Amino acid sequence: MVVKYDVFGRKIGSHYLALATLGATFLGAYLSMGGSPKEKAQGPPINATSKDEENFINEFVKSAEAEEAKAKH
């Protein structure tokens, strides 16, 4: 036994209204959680006096990030 409601002059079953409500709710939640992915933050510029010093700093930062990622898992 289905209850029918008048919606814009048409008879609509209650089960269709329930499905439409759930669908709209989940679709709205899905769309609101989307968006563009966050970009990785750029650090301050490296003010190295030589190319060797810049390479050393870059390698140090990479190893520190690798250790941090390893510690999170």
# chains A, B, ... in the order shown; residues from 1 in each chain; ligands from 1
>>> select_by_dssp(residues="chain A", states="strand (DSSP E)", output="VMD selection string")
chain A and resid 4 to 7 10 to 13
>>> select_by_dssp(residues="chain A", states="alpha helix (DSSP H)", output="ChimeraX atom specification")
/A:14-33,51-72
>>> residues_around(residues="stretch 14-20 of chain A", least_positions_apart="6", cutoff="7 Å", atoms="only C-alpha atoms", output="ChimeraX atom specification")
/A:2-5
>>> write_last_selection(atoms="C-alpha atoms", output="short mmCIF file (atom, residue, chain, number, x, y, z; two decimals), in the first residue's frame")
data_model
loop_
_atom_site.label_atom_id
_atom_site.label_comp_id
_atom_site.auth_asym_id
_atom_site.auth_seq_id
_atom_site.Cartn_x
_atom_site.Cartn_y
_atom_site.Cartn_z
CA VAL A 2 1.57 3.23 -1.16
CA VAL A 3 0.56 6.72 -0.17
CA LYS A 4 0.39 9.07 -3.15
CA TYR A 5 1.07 12.80 -2.90
#
>>> closest_residue(among="A:Gly34, A:His73, A:Phe26, A:Ile46", to="A:Val61", atoms="only C-alpha atoms")
A:Ile46
>>> atom_distance(atom1="atom CA of A:Ser63", atom2="atom CA of A:Ser36")
28.3 Å
